[in-house]
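Single-structure report; data block below.
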Amino acid sequence: WCLPVRVSGHTIDPHSEAFLPRVAFDSRNLVFPATLPGEASFRTAMMRNSGDMPVMFDFTGDVSGAYTVKPSHGLLQDGYQVFVLQLNPQEPRTYKQILKCRFNECDHFDQELLLSGTGEVALLELGNKGQLFFKSTCIRMMSESCCQVTNASRLPVRFEWKIPEEAVGVLTVEPVNGTIDPGEIQKHQWRFCPLEKRSYAFRLSIQGAHSCYPKENHLLVKKFKGILTVMGEGCLGKMKCDPTHLECPTMVVGTSWPCPLTLTNTGPCTLQYRLFVVEVGQRGGATSILDNQGKGTVTLSNSGGVVYSHSCVSVTATVRPSTKQHSQWLIKYELITSHGEPLDTTAFPDFDSTLCTLTVRASYPVLSVRDLRGVGVASSLPKTMLRSMLSIDQLNTFLHDDPSSSELRYAIGTRHSMTRRVSVGTTAMVDFDFGAAPLEMGTSGFDLVVENHGDVPTEWAFQFPTDVLLEPEYWADTGQLDDEERHELSVMDHNLFTVLPKKGRLGVGESVVISCSFKHTTIGSSKLPVLLKLNRGREVLLRWRGITLERGQPFIHFVSHCHKFCPVPIGLQSYPRQDYVLYNAGDTAVSFEIDTEPLRALKEHNYEMPIIECSQSSGDIAPRSSVTVHLVFSPLEAKLYCVDLPVTFSNGEMRLITFAGEGIGAPEDTLTHHPPPPPPPHDVDKQKTVVASDVLAILSTDHLAFSDVVLFSVTRRVVFVTNTSDHTLSFNWELESSGVSEVLSIQPGRGYLQPKQSVACKFSFCSHLAPAIYDLELVCRVMDESEMASYSLKLEAWQKAEEEKKHSFAIIDVSTKSPSQSTRHQTVPRLKSLGKRPRSSDGEVRRKYEALPPIGCPLEETYEEWKKKDLAARGKHRPRRRTTEAQVPRPPQPSALPLRLTGHTHAMSDFSKLFKGTSPLHMDLVQSTLSPSPRKEKGLKVEEEENTTIRIVLSQMIRDLLEDSNFLSAVHKVVEEPVPYFQQFSTLRELGGKRGLSAHAHASVAGPHEPLLDTPPDTLTRPSLSSPTLNSQLELSNTEDIIQGDNREDIVPRSDPNEAQLNRHIKLIPEFSSFVENILENTLLNILKEANSGELNIGGPLYLIAKPPPSLSNSPITA
């Protein structure tokens, strides 16, 4: 090895002046970096010699020995010299030293260097006194918190966090290791993710070392530790919604409804959530969640996010149903973990993921025809026929169905057509037949009560072909019309069909009266397609048709050429009679004849069994009236029977009518196990809804359904007739003209109604004819008695004037005419001679101006001549007759209140088979109304003179009683007299005694083993309550009591061993059953009358009457 030694010296005399050094340092203040004790740090300094002479230098003055300079002395010839200074502290403190440099061994040229340095130890400080707190955090979610780490030394420190094993997966920090420069403050991000629902506490350490040591040489690293205390809590967050249940209003399909929701975080931790919607449905009788993908009925404004502790967030749920539905939707939420996965909450039973229950009701706008009546020419038609003519049942079915996609394409305002005919985008087509009537007979109209029975408001409109037509440009219009377009344009130009109102809007439950009419002013058949459009609902094409006949032309109006019988079970003893109606719409009578040859052929094909029988194959039909053809459908097998019957009329017309009927299975397999379905909700005859301005009274119902009735039994119904006017009215039920007098009785059949008064009419239905199916229409004629009284006064005045004319005459002197009369008579010649100047009556004043001829009249013709020619050409010339005679007053026309009556009568044996579920009480009441043998009451023959005498005598007696003041006062006293309470006494006689019942009475109560119910039903008839035999027996018994002179003591009731048996026999007597039935019937009728008049509140509280004490009830009463 070689160690070089550098030697320097000088030869200058000590007492001589040395060379002047010209040197300079680049920096006289040197600062050393912080240095660990025992370690060294270095700095450099440069000295430059700017002179021509060499300079000798020497560094002295380091007392602490911490600083070292190399080279410490030497000779600088020229140029510069670099010095290396080293600091080697032994303890952590500040080292400050002045280092002198002497030049040329002369103290006059000394220069000083200031050296500063410190001995430092690496030190890290943790913020918040080494404590770190996390807020409450939901399980599997993450919360963050910052820990401040400060390097309090001037040394760069390399650090590393040490996380214990139990904190792995719960705590994470970023950065885990790194370097902190001197004096730097770093924020370390800690993340807390609890795994359980509990509190957490950890003690973590941070290790630091000087960064000058390499990581590989860990043995030389001087490390230190810092302790960090971490505390946190894991919990399960929950959310709630306000409101928790939201029921949307019923919506129209295709519209939207926003539902604002407020979600609140009720827990102490921040939650990250995700919202979703599920539909709840019924599967197998249990509630389950259905798959709602692709439906999009309920959409949310935001499907997820973050909600802080005890804060809320707003979410809008938009409901947009695309189909008709009544569904329930659940808005649920799920918690999202820090990894973006849903949190599994199955281990927490108290966790409810449902936020809100949303009930959605969506439907299409619907309408239904609830009632109708005829107006004008159609006012005399029965309602059942009107319903068939207008196809009300089919129309209601179409309006109740859901629309197709093509029908929802356009709204009312955007519905258009490029052609003059309405473009049909629907399969719902209904025939609207306005009937037929002679020319200028009037107008056939209908008032339809259309009700919105749905759940949403309905906007509707009737659109004629011109309403939806888009007028093309002039160059695009070809002007070519086919026959149907020309016909429709002609119908609309003459305004034959009208409808009012043409459009409107109905709320839920509201109704409107729509008036449709057809004018009989054009001979022939008129047709017009009209589109009934429901906004966002159905489209129904109404094919309106009306027929106008010539005068004297008979016309049979057929609503349909196919008549379907009601289904009839096979195997009945008596098949019901069914009716078919032929209506003559003309003003001339017509006769008809039905060819029954197809019925005989049908009989031959069915083993000579009459399947369809026609009891009336020919007849005459009066003008504007109908004839009922009775048919009996007797199916032999459970199948469909069809037959075409030709009907020939006297005018040479022939129509082919198809009769179809279906035989259903055996009675025990049909009606017993499969009851008839309930009527549809849009039945027309269920309630009275049409109340026109000209109707004086109304009925409580328009339909009396007697349902299934046994022959010879009585079924009762009550109908209230209410006077809605301010006048006194009279009503009269027409039974004879309706053809129901044989099976129906009404009490009262006629009467008077005061203003706002209501009268209960009892309808008793009892048929003793063959089984039949009844569908009849009654008419109640209501007359305004105020108008009738006014008519009577006018008629009396007219009759008096006519009587005076017979015995008087008037003489008119022409010379005494008034000037006004003469002027009036001179007007005619003025018009006849327009070319001459007419004079006035005095002949002096001339008219200055002349009248112009009428438009269209030639100058050479007078107005009268032109008018006669014009009227003659048109065939409408009718001479005008002016008469001063008083016209005969016309009587007021009564208004008609129609009432539909339906019922089905059965024989006793068939009723027992068809309705096995009928209660025994009903069967007993049916059989108890029949007596063993029919009796015919004998009446006395009275001659006409005797009848007149009796009537005059009785009338005079009644008048005398009404004029007797004593009789009237006695009547008032009887009315005001309190009701007496007493006990009636009777004598109980043994059977077979002299004063007992007669032999016939004993036969009626033969014994308990021979009841009346065993009597064959074919021989039973309804007895009269006032049986002559029973009355004679009672009179005979009372007479015997009087003759034998019974005392008061004999009349006191005595105990009889046969009393119970006698009472039991009496209860089986038909007269007693009828008597009890009448009492109950009248009691119920009186209750209904009092409740209708407001005297009795049926829905009021019940009052109980306590029974009298036993001492009072058992005490004897003596007379």
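So you can find residues: chains in the structure tokens are A, B, ... in the order shown, residues in each start at 1, and ligands are numbered from 1 in order.
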
List the spatial neighbours of stretch 230-236 of chain A as a list in words - criterion: any atom at most 7 Å away, only C-alpha atoms, same-chain residues fewer than 4 positions off excluded.
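Residues meeting the cut-off are Gln131, Leu132, Phe133, Phe134, Lys135, Ser136, Thr137, Cys138, Ile139, Pro194, Glu196, Lys197, Arg198, Ser199, Tyr200, Ala201, Phe202 and Arg203 of chain A.
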
Using only C-alpha atoms, which residues sit within 12 Å of A:Gly61 once same-chain residues fewer than 4 positions away are excluded, as a JSON list (two decimals) with N, CA and C atoms, in the first residue's frame?
```
[["chain", "number", "residue", "atom", "x", "y", "z"],
["A", 65, "GLY", "N", -14.35, 19.59, 18.81],
["A", 65, "GLY", "CA", -13.87, 18.43, 18.10],
["A", 65, "GLY", "C", -14.92, 17.73, 17.26],
["A", 66, "ALA", "N", -16.08, 18.45, 17.08],
["A", 66, "ALA", "CA", -17.15, 17.83, 16.29],
["A", 66, "ALA", "C", -16.97, 18.06, 14.80],
["A", 67, "TYR", "N", -16.16, 19.11, 14.46],
["A", 67, "TYR", "CA", -15.98, 19.44, 13.06],
["A", 67, "TYR", "C", -14.57, 19.05, 12.63],
["A", 68, "THR", "N", -14.48, 18.61, 11.43],
["A", 68, "THR", "CA", -13.18, 18.24, 10.86],
["A", 68, "THR", "C", -13.14, 18.80, 9.45],
["A", 69, "VAL", "N", -11.84, 19.41, 9.12],
["A", 69, "VAL", "CA", -11.66, 20.01, 7.80],
["A", 69, "VAL", "C", -10.53, 19.29, 7.10],
["A", 72, "SER", "N", -6.73, 20.44, 6.23],
["A", 72, "SER", "CA", -6.75, 21.47, 7.27],
["A", 72, "SER", "C", -5.69, 22.53, 7.05],
["A", 97, "GLN", "N", -19.93, 26.51, 15.70],
["A", 97, "GLN", "CA", -18.48, 26.70, 15.88],
["A", 97, "GLN", "C", -17.98, 27.68, 14.82],
["A", 98, "ILE", "N", -16.97, 28.55, 15.26],
["A", 98, "ILE", "CA", -16.29, 29.48, 14.34],
["A", 98, "ILE", "C", -14.92, 28.87, 14.05],
["A", 99, "LEU", "N", -14.72, 28.61, 12.79],
["A", 99, "LEU", "CA", -13.47, 27.99, 12.34],
["A", 99, "LEU", "C", -12.62, 29.08, 11.65],
["A", 100, "LYS", "N", -11.32, 29.25, 12.21],
["A", 100, "LYS", "CA", -10.43, 30.26, 11.67],
["A", 100, "LYS", "C", -9.46, 29.63, 10.67],
["A", 101, "CYS", "N", -9.22, 30.42, 9.66],
["A", 101, "CYS", "CA", -8.25, 30.00, 8.63],
["A", 101, "CYS", "C", -7.16, 31.11, 8.53],
["A", 102, "ARG", "N", -5.88, 30.69, 8.88],
["A", 102, "ARG", "CA", -4.78, 31.67, 8.88],
["A", 102, "ARG", "C", -3.99, 31.48, 7.58],
["A", 110, "ASP", "N", -6.20, 36.54, 8.90],
["A", 110, "ASP", "CA", -7.11, 35.44, 9.27],
["A", 110, "ASP", "C", -8.54, 35.70, 8.76],
["A", 111, "GLN", "N", -9.17, 34.60, 8.36],
["A", 111, "GLN", "CA", -10.61, 34.65, 7.96],
["A", 111, "GLN", "C", -11.39, 33.55, 8.73],
["A", 112, "GLU", "N", -12.63, 33.85, 9.05],
["A", 112, "GLU", "CA", -13.44, 32.95, 9.88],
["A", 112, "GLU", "C", -14.57, 32.34, 9.05],
["A", 113, "LEU", "N", -14.87, 31.08, 9.41],
["A", 113, "LEU", "CA", -16.03, 30.36, 8.81],
["A", 113, "LEU", "C", -16.99, 29.96, 9.94],
["A", 114, "LEU", "N", -18.24, 30.31, 9.79],
["A", 114, "LEU", "CA", -19.26, 29.95, 10.80],
["A", 114, "LEU", "C", -19.88, 28.63, 10.44],
["A", 115, "LEU", "N", -19.72, 27.62, 11.31],
["A", 115, "LEU", "CA", -20.24, 26.28, 11.08],
["A", 115, "LEU", "C", -21.40, 26.03, 12.04]]
```

So what do you get for atom CA of A:Trp733 versus atom CA of A:Gly586, distance-wise?
27.0 Å

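The nearest approach to A:Ser391 among the residues A:Tyr580, A:Phe911, A:Tyr364, A:Phe432, with only C-alpha atoms taken into account, belongs to A:Phe432.
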
One-decimal distance in Å that lies between atom CA of A:Asn495 and atom CA of A:Pro382:
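Atom CA of A:Pro382 sits 26.9 Å away from atom CA of A:Asn495.
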
Using only C-alpha atoms, which residues sit within 12 Å of A:Arg600 once same-chain residues fewer than 4 positions away are excluded, as a ChimeraX atom specification?
/A:595-596,604-614,643-645

Alpha helix (DSSP H) residues, from DSSP on the backbone, in stretch 473-667 of chain A, as a PyMOL selection string:
chain A and resi 483-493+597-604+667

For the selection you just gave me, I'd like the residues written to a file as a PDB file, in the first residue's frame, keeping N, CA, C and O atoms.
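The result, written out as result_36.pdb:
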```pdb
ATOM      1  N   ASP A 483    -121.268   4.635 -54.262  1.00  0.00           N
ATOM      2  CA  ASP A 483    -122.671   4.715 -53.876  1.00  0.00           C
ATOM      3  C   ASP A 483    -122.835   4.900 -52.361  1.00  0.00           C
ATOM      4  O   ASP A 483    -123.693   5.674 -51.910  1.00  0.00           O
ATOM      5  N   GLU A 484    -122.035   4.215 -51.574  1.00  0.00           N
ATOM      6  CA  GLU A 484    -122.158   4.337 -50.120  1.00  0.00           C
ATOM      7  C   GLU A 484    -121.769   5.723 -49.647  1.00  0.00           C
ATOM      8  O   GLU A 484    -122.419   6.296 -48.754  1.00  0.00           O
ATOM      9  N   GLU A 485    -120.729   6.300 -50.229  1.00  0.00           N
ATOM     10  CA  GLU A 485    -120.325   7.652 -49.835  1.00  0.00           C
ATOM     11  C   GLU A 485    -121.386   8.673 -50.219  1.00  0.00           C
ATOM     12  O   GLU A 485    -121.685   9.599 -49.435  1.00  0.00           O
ATOM     13  N   ARG A 486    -121.974   8.533 -51.387  1.00  0.00           N
ATOM     14  CA  ARG A 486    -123.038   9.449 -51.781  1.00  0.00           C
ATOM     15  C   ARG A 486    -124.242   9.313 -50.860  1.00  0.00           C
ATOM     16  O   ARG A 486    -124.871  10.318 -50.490  1.00  0.00           O
ATOM     17  N   HIS A 487    -124.563   8.076 -50.473  1.00  0.00           N
ATOM     18  CA  HIS A 487    -125.686   7.869 -49.565  1.00  0.00           C
ATOM     19  C   HIS A 487    -125.417   8.503 -48.198  1.00  0.00           C
ATOM     20  O   HIS A 487    -126.298   9.173 -47.628  1.00  0.00           O
ATOM     21  N   GLU A 488    -124.221   8.320 -47.697  1.00  0.00           N
ATOM     22  CA  GLU A 488    -123.902   8.895 -46.387  1.00  0.00           C
ATOM     23  C   GLU A 488    -123.894  10.414 -46.432  1.00  0.00           C
ATOM     24  O   GLU A 488    -124.369  11.077 -45.497  1.00  0.00           O
ATOM     25  N   LEU A 489    -123.358  10.995 -47.506  1.00  0.00           N
ATOM     26  CA  LEU A 489    -123.384  12.448 -47.626  1.00  0.00           C
ATOM     27  C   LEU A 489    -124.808  12.975 -47.727  1.00  0.00           C
ATOM     28  O   LEU A 489    -125.142  14.029 -47.154  1.00  0.00           O
ATOM     29  N   SER A 490    -125.680  12.239 -48.412  1.00  0.00           N
ATOM     30  CA  SER A 490    -127.085  12.657 -48.509  1.00  0.00           C
ATOM     31  C   SER A 490    -127.765  12.593 -47.148  1.00  0.00           C
ATOM     32  O   SER A 490    -128.536  13.488 -46.782  1.00  0.00           O
ATOM     33  N   VAL A 491    -127.480  11.553 -46.387  1.00  0.00           N
ATOM     34  CA  VAL A 491    -128.078  11.437 -45.052  1.00  0.00           C
ATOM     35  C   VAL A 491    -127.616  12.568 -44.154  1.00  0.00           C
ATOM     36  O   VAL A 491    -128.408  13.169 -43.410  1.00  0.00           O
ATOM     37  N   MET A 492    -126.312  12.902 -44.215  1.00  0.00           N
ATOM     38  CA  MET A 492    -125.817  13.980 -43.362  1.00  0.00           C
ATOM     39  C   MET A 492    -126.288  15.350 -43.839  1.00  0.00           C
ATOM     40  O   MET A 492    -126.499  16.261 -43.029  1.00  0.00           O
ATOM     41  N   ASP A 493    -126.474  15.524 -45.161  1.00  0.00           N
ATOM     42  CA  ASP A 493    -126.978  16.809 -45.656  1.00  0.00           C
ATOM     43  C   ASP A 493    -128.411  17.050 -45.221  1.00  0.00           C
ATOM     44  O   ASP A 493    -128.779  18.188 -44.893  1.00  0.00           O
ATOM     45  N   GLU A 597    -144.274 -26.850 -41.887  1.00  0.00           N
ATOM     46  CA  GLU A 597    -143.770 -28.087 -42.471  1.00  0.00           C
ATOM     47  C   GLU A 597    -142.371 -28.442 -41.944  1.00  0.00           C
ATOM     48  O   GLU A 597    -142.091 -29.614 -41.671  1.00  0.00           O
ATOM     49  N   PRO A 598    -141.454 -27.468 -41.747  1.00  0.00           N
ATOM     50  CA  PRO A 598    -140.151 -27.837 -41.150  1.00  0.00           C
ATOM     51  C   PRO A 598    -140.277 -28.406 -39.740  1.00  0.00           C
ATOM     52  O   PRO A 598    -139.445 -29.219 -39.331  1.00  0.00           O
ATOM     53  N   LEU A 599    -141.329 -27.983 -39.003  1.00  0.00           N
ATOM     54  CA  LEU A 599    -141.509 -28.536 -37.661  1.00  0.00           C
ATOM     55  C   LEU A 599    -141.906 -30.017 -37.738  1.00  0.00           C
ATOM     56  O   LEU A 599    -141.470 -30.829 -36.906  1.00  0.00           O
ATOM     57  N   ARG A 600    -142.724 -30.351 -38.733  1.00  0.00           N
ATOM     58  CA  ARG A 600    -143.094 -31.756 -38.890  1.00  0.00           C
ATOM     59  C   ARG A 600    -141.878 -32.584 -39.330  1.00  0.00           C
ATOM     60  O   ARG A 600    -141.711 -33.732 -38.899  1.00  0.00           O
ATOM     61  N   ALA A 601    -141.038 -32.011 -40.188  1.00  0.00           N
ATOM     62  CA  ALA A 601    -139.826 -32.733 -40.579  1.00  0.00           C
ATOM     63  C   ALA A 601    -138.892 -32.927 -39.384  1.00  0.00           C
ATOM     64  O   ALA A 601    -138.271 -33.989 -39.223  1.00  0.00           O
ATOM     65  N   LEU A 602    -138.819 -31.926 -38.525  1.00  0.00           N
ATOM     66  CA  LEU A 602    -137.994 -32.064 -37.316  1.00  0.00           C
ATOM     67  C   LEU A 602    -138.574 -33.122 -36.388  1.00  0.00           C
ATOM     68  O   LEU A 602    -137.830 -33.866 -35.731  1.00  0.00           O
ATOM     69  N   LYS A 603    -139.871 -33.215 -36.360  1.00  0.00           N
ATOM     70  CA  LYS A 603    -140.522 -34.237 -35.536  1.00  0.00           C
ATOM     71  C   LYS A 603    -140.218 -35.635 -36.065  1.00  0.00           C
ATOM     72  O   LYS A 603    -139.982 -36.569 -35.284  1.00  0.00           O
ATOM     73  N   GLU A 604    -140.239 -35.796 -37.373  1.00  0.00           N
ATOM     74  CA  GLU A 604    -139.949 -37.108 -37.957  1.00  0.00           C
ATOM     75  C   GLU A 604    -138.509 -37.529 -37.696  1.00  0.00           C
ATOM     76  O   GLU A 604    -138.236 -38.716 -37.505  1.00  0.00           O
ATOM     77  N   PRO A 667    -132.057 -32.766 -15.014  1.00  0.00           N
ATOM     78  CA  PRO A 667    -132.228 -31.733 -13.979  1.00  0.00           C
ATOM     79  C   PRO A 667    -131.289 -31.905 -12.808  1.00  0.00           C
ATOM     80  O   PRO A 667    -130.772 -30.947 -12.274  1.00  0.00           O
TER      81      PRO A 667
END
```

Using the chain letters and numbers from this document, which residues of stretch 477-600 of chain A does DSSP assign to strand (DSSP E), as a PyMOL selection string?
chain A and resi 497-500+503-506+511-519+524-534+539-549+556-557+562-564+568-569+577-584+590-594

Contacts of stretch 345-348 of chain A at 12 Å or less, counting only C-alpha atoms, minus same-chain residues fewer than 2 places along, as a ChimeraX atom specification?
/A:138-140,196-197,235-238,333-337,342-343,350-353

A:Val779 surroundings by only C-alpha atoms, 8 Å radius, close-in-sequence under 2 positions cut, as a list of chain:residue names
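Answer for this query is A:Trp733, A:Glu734, A:Leu735, A:Ser738, A:Glu777, A:Arg781, A:Ala896, A:Leu897, A:Pro898, A:Leu899.
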
Residues near A:Phe649, anyone? I mean within 12 Å using only C-alpha atoms, not counting same-chain ones fewer than 3 positions away, as a ChimeraX atom specification.
/A:554-556,582,584,589-595,617-621,646,652-656

Residue subset to file, keeping C-alpha atoms, as a PDB file, in the first residue's frame:
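Writing the result to out-v1.pdb gives the following:
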```pdb
ATOM      1  CA  PRO A 554    -147.357  -2.627 -44.192  1.00  0.00           C
ATOM      2  CA  PHE A 555    -143.970  -3.501 -42.787  1.00  0.00           C
ATOM      3  CA  ILE A 556    -142.977  -6.237 -40.369  1.00  0.00           C
ATOM      4  CA  LEU A 582    -144.018 -10.042 -34.618  1.00  0.00           C
ATOM      5  CA  ASN A 584    -146.082  -4.346 -37.612  1.00  0.00           C
ATOM      6  CA  ALA A 589    -152.965  -4.191 -40.953  1.00  0.00           C
ATOM      7  CA  VAL A 590    -151.166  -7.252 -42.233  1.00  0.00           C
ATOM      8  CA  SER A 591    -151.798 -10.973 -41.882  1.00  0.00           C
ATOM      9  CA  PHE A 592    -149.108 -13.605 -41.493  1.00  0.00           C
ATOM     10  CA  GLU A 593    -148.821 -17.354 -41.874  1.00  0.00           C
ATOM     11  CA  ILE A 594    -146.052 -19.583 -40.548  1.00  0.00           C
ATOM     12  CA  ASP A 595    -145.176 -22.645 -42.561  1.00  0.00           C
ATOM     13  CA  SER A 617    -149.378 -20.380 -37.100  1.00  0.00           C
ATOM     14  CA  SER A 618    -151.422 -17.542 -38.611  1.00  0.00           C
ATOM     15  CA  GLY A 619    -153.097 -14.333 -37.620  1.00  0.00           C
ATOM     16  CA  ASP A 620    -153.524 -10.631 -38.220  1.00  0.00           C
ATOM     17  CA  ILE A 621    -151.322  -7.809 -36.938  1.00  0.00           C
ATOM     18  CA  PRO A 646    -140.756 -19.395 -43.519  1.00  0.00           C
ATOM     19  CA  GLY A 652    -146.421 -11.006 -50.565  1.00  0.00           C
ATOM     20  CA  GLU A 653    -143.272 -10.665 -48.478  1.00  0.00           C
ATOM     21  CA  MET A 654    -141.629 -13.800 -47.122  1.00  0.00           C
ATOM     22  CA  ARG A 655    -139.029 -13.970 -44.383  1.00  0.00           C
ATOM     23  CA  LEU A 656    -137.040 -16.925 -43.117  1.00  0.00           C
TER      24      LEU A 656
END
```

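For A:Lys527, the set of protein, DNA and RNA residues having any atom at most 7 Å away, when counting only C-alpha atoms and skipping those fewer than 6 positions along the same chain, is Glu488, Arg543, Trp544, Arg545 and Gly546 of chain A.
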
Output for the residues just chosen: all heavy atoms as a compact mmCIF listing (two decimals), in the first residue's frame:
```txt
# COMPACT_ATOMS: atom_id res chain seq x y z
N GLU A 488 -124.22 8.32 -47.70
CA GLU A 488 -123.90 8.89 -46.39
C GLU A 488 -123.89 10.41 -46.43
O GLU A 488 -124.37 11.08 -45.50
CB GLU A 488 -122.55 8.37 -45.91
CG GLU A 488 -122.57 6.88 -45.59
CD GLU A 488 -121.19 6.35 -45.28
OE1 GLU A 488 -120.22 7.17 -45.27
OE2 GLU A 488 -121.04 5.13 -45.07
N ARG A 543 -123.60 1.23 -36.34
CA ARG A 543 -124.20 1.28 -37.68
C ARG A 543 -125.66 1.68 -37.54
O ARG A 543 -126.54 0.85 -37.31
CB ARG A 543 -124.04 -0.08 -38.36
CG ARG A 543 -122.59 -0.44 -38.63
CD ARG A 543 -122.41 -1.79 -39.27
NE ARG A 543 -122.72 -2.89 -38.37
CZ ARG A 543 -122.32 -4.13 -38.53
NH1 ARG A 543 -121.58 -4.44 -39.58
NH2 ARG A 543 -122.65 -5.07 -37.68
N TRP A 544 -125.90 2.99 -37.64
CA TRP A 544 -127.25 3.52 -37.48
C TRP A 544 -128.07 3.23 -38.74
O TRP A 544 -127.59 3.39 -39.86
CB TRP A 544 -127.20 5.02 -37.22
CG TRP A 544 -126.70 5.34 -35.83
CD1 TRP A 544 -126.25 4.45 -34.91
CD2 TRP A 544 -126.60 6.63 -35.24
NE1 TRP A 544 -125.88 5.10 -33.77
CE2 TRP A 544 -126.09 6.44 -33.94
CE3 TRP A 544 -126.89 7.92 -35.66
CZ2 TRP A 544 -125.86 7.50 -33.06
CZ3 TRP A 544 -126.67 8.97 -34.80
CH2 TRP A 544 -126.17 8.78 -33.52
N ARG A 545 -129.32 2.83 -38.49
CA ARG A 545 -130.21 2.51 -39.62
C ARG A 545 -131.63 2.89 -39.25
O ARG A 545 -132.10 2.61 -38.15
CB ARG A 545 -130.12 1.02 -39.95
CG ARG A 545 -130.97 0.60 -41.14
CD ARG A 545 -130.69 -0.85 -41.50
NE ARG A 545 -131.19 -1.75 -40.48
CZ ARG A 545 -132.38 -2.35 -40.55
NH1 ARG A 545 -133.18 -2.12 -41.58
NH2 ARG A 545 -132.75 -3.18 -39.61
N GLY A 546 -132.28 3.55 -40.16
CA GLY A 546 -133.68 3.92 -40.01
C GLY A 546 -134.42 3.74 -41.31
O GLY A 546 -133.84 3.91 -42.39
```
